[in-house]
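Asks: I'm passing along target28.pdb; it holds PDB, C-alpha atoms.
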MODEL        1
ATOM      1  CA  MET A   1    -114.688-160.680 119.748
ATOM      2  CA  ALA A   2    -114.792-164.036 117.983
ATOM      3  CA  PHE A   3    -112.432-164.993 115.209
ATOM      4  CA  PHE A   4    -113.878-166.666 112.126
ATOM      5  CA  PRO A   5    -111.412-168.209 109.691
ATOM      6  CA  PRO A   6    -111.657-166.790 106.185
ATOM      7  CA  ILE A   7    -112.957-170.053 104.705
ATOM      8  CA  PRO A   8    -115.023-168.377 101.955
ATOM      9  CA  LEU A   9    -112.019-166.359 100.775
ATOM     10  CA  ILE A  10    -109.762-169.392 100.790
ATOM     11  CA  ARG A  11    -112.361-171.467  98.950
ATOM     12  CA  LYS A  12    -112.799-168.788  96.256
ATOM     13  CA  ARG A  13    -109.048-168.655  95.650
ATOM     14  CA  VAL A  14    -108.782-172.440  95.468
ATOM     15  CA  ILE A  15    -111.566-172.665  92.884
ATOM     16  CA  VAL A  16    -110.225-169.854  90.681
ATOM     17  CA  LYS A  17    -106.604-171.034  90.866
ATOM     18  CA  SER A  18    -107.579-174.640  90.158
ATOM     19  CA  LEU A  19    -109.604-173.686  87.089
ATOM     20  CA  ALA A  20    -106.768-171.485  85.821
ATOM     21  CA  ALA A  21    -104.152-174.183  86.427
ATOM     22  CA  CYS A  22    -106.044-176.782  84.406
ATOM     23  CA  GLY A  23    -106.709-174.364  81.536
ATOM     24  CA  ALA A  24    -110.483-174.024  81.974
ATOM     25  CA  THR A  25    -110.768-170.660  80.254
ATOM     26  CA  SER A  26    -113.594-171.262  77.799
ATOM     27  CA  GLU A  27    -116.754-173.310  77.529
ATOM     28  CA  SER A  28    -115.001-175.874  75.351
ATOM     29  CA  SER A  29    -112.229-176.363  77.931
ATOM     30  CA  ALA A  30    -114.515-176.245  80.998
ATOM     31  CA  LYS A  31    -113.886-178.776  83.777
ATOM     32  CA  SER A  32    -115.864-180.070  86.708
ATOM     33  CA  LEU A  33    -114.501-178.932  90.044
ATOM     34  CA  SER A  34    -113.267-182.445  90.782
ATOM     35  CA  GLU A  35    -111.477-182.582  87.403
ATOM     36  CA  ALA A  36    -109.879-179.227  88.245
ATOM     37  CA  GLY A  37    -108.523-180.695  91.481
ATOM     38  CA  VAL A  38    -110.774-178.935  93.983
ATOM     39  CA  LEU A  39    -111.041-181.030  97.139
ATOM     40  CA  ASN A  40    -114.613-181.758  98.251
ATOM     41  CA  PRO A  41    -116.147-180.104  95.177
ATOM     42  CA  ASP A  42    -119.700-180.305  96.558
ATOM     43  CA  CYS A  43    -118.747-178.642  99.832
ATOM     44  CA  PHE A  44    -119.593-174.949 100.195
ATOM     45  CA  ARG A  45    -121.964-174.973  97.197
ATOM     46  CA  ARG A  46    -123.136-171.452  98.082
ATOM     47  CA  ILE A  47    -119.634-170.070  97.556
ATOM     48  CA  THR A  48    -119.467-171.636  94.100
ATOM     49  CA  ASP A  49    -122.936-170.323  93.240
ATOM     50  CA  ARG A  50    -121.953-166.839  94.380
ATOM     51  CA  LEU A  51    -118.877-166.908  92.112
ATOM     52  CA  VAL A  52    -121.136-167.817  89.189
ATOM     53  CA  ARG A  53    -123.664-165.068  90.007
ATOM     54  CA  LYS A  54    -120.895-162.462  90.210
ATOM     55  CA  GLY A  55    -119.411-163.581  86.888
ATOM     56  CA  VAL A  56    -116.061-164.662  88.319
ATOM     57  CA  ILE A  57    -116.576-168.163  86.925
ATOM     58  CA  HIS A  58    -119.120-169.537  84.470
ATOM     59  CA  ARG A  59    -121.145-172.756  84.607
ATOM     60  CA  THR A  60    -122.002-174.833  81.537
ATOM     61  CA  PRO A  61    -125.404-176.522  81.253
ATOM     62  CA  ASP A  62    -123.796-179.877  82.106
ATOM     63  CA  GLY A  63    -122.266-178.557  85.369
ATOM     64  CA  ARG A  64    -118.681-177.817  84.342
ATOM     65  CA  TYR A  65    -116.946-174.526  85.135
ATOM     66  CA  TYR A  66    -114.542-172.122  83.423
ATOM     67  CA  LEU A  67    -113.049-168.668  83.944
TER      68      LEU A  67
ENDMDL
END
Give the structure from this file in structure tokens form.
Replies:
Amino acid sequence: MAFFPPIPLIRKRVIVKSLAACGATSESSAKSLSEAGVLNPDCFRRITDRLVRKGVIHRTPDGRYYL
């Protein structure tokens, strides 16, 4: 049985915690992932898109995110 590191779970936590830590809780306070301190913000784009689809985070028309 192969072991796969839980990269998607870790990435989700990093994104949510980073947005919370920088106060991105509304559309007016939304931040880009790089502004929020997420390393390699364009890496694992599918994970970010899945968080948006599930309503965990929200994306503004100009590409910023908030909780």
Asks: For this structure, which residues satisfy the selection - the PyMOL selection byres ((chain A and resi 37-39) around 9) - when it is evaluated on the file as given? I want them as an MDAnalysis selection string.
Replies: chainID A and resid 14:15 18:19 22 32:36 40:43
Asks: Just how far from atom CA of Arg64 of chain A is atom CA of Pro6 of chain A, in Å to one decimal?
Replies: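 Computing the Euclidean distance for atom CA of Pro6 of chain A and atom CA of Arg64 of chain A yields 25.5 Å.
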Asks: Report the closest atom pair, with its distance in Å rounded to one decimal, for each residue of segment 3-44 of chain A that has an atom no farther than 12 Å from segment 53-56 of chain A; count only C-alpha atoms, sort by chain and then rising residue number, and write it as CSV.
Replies:
residue,atom,partner,partner_atom,distance
A:Lys12,CA,A:Val56,CA,9.5
A:Arg13,CA,A:Val56,CA,10.9
A:Ile15,CA,A:Val56,CA,10.3
A:Val16,CA,A:Val56,CA,8.2
A:Lys17,CA,A:Val56,CA,11.7
A:Leu19,CA,A:Val56,CA,11.2
A:Ala20,CA,A:Val56,CA,11.8
A:Thr25,CA,A:Val56,CA,11.4
Asks: Have a look at atom CA of His58 of chain A and atom CA of Ala24 of chain A and let me know their distance in Å, one decimal.
Replies: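 Computed distance, atom CA of His58 of chain A to atom CA of Ala24 of chain A, equals 10.0 Å.
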Asks: Tell me which protein, DNA and RNA residues are within 7 Å of Glu27 of chain A, counting only C-alpha atoms, leaving out same-chain ones fewer than 2 positions away, and put them as JSON, numbers by chain.
Replies: {"A": [29, 30, 60, 66]}
Asks: Produce the centre coordinates and the three edge lengths, each in Å to one decimal, of the box along x, y and z that contains all listed atoms of segment 52-61 of chain A with 6 Å added on each side, as lines of an AutoDock Vina configuration file.
Replies:
center_x = -120.7
center_y = -169.5
center_z = 85.7
size_x = 21.3
size_y = 26.1
size_z = 21.0
Asks: Measuring atom to atom with only C-alpha atoms, identify which of A:Gly63, A:Pro8, A:Ser26, A:Lys31 is nearest to Arg46 of chain A.
Replies: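 Closest to Arg46 of chain A, using only C-alpha atoms: A:Pro8.
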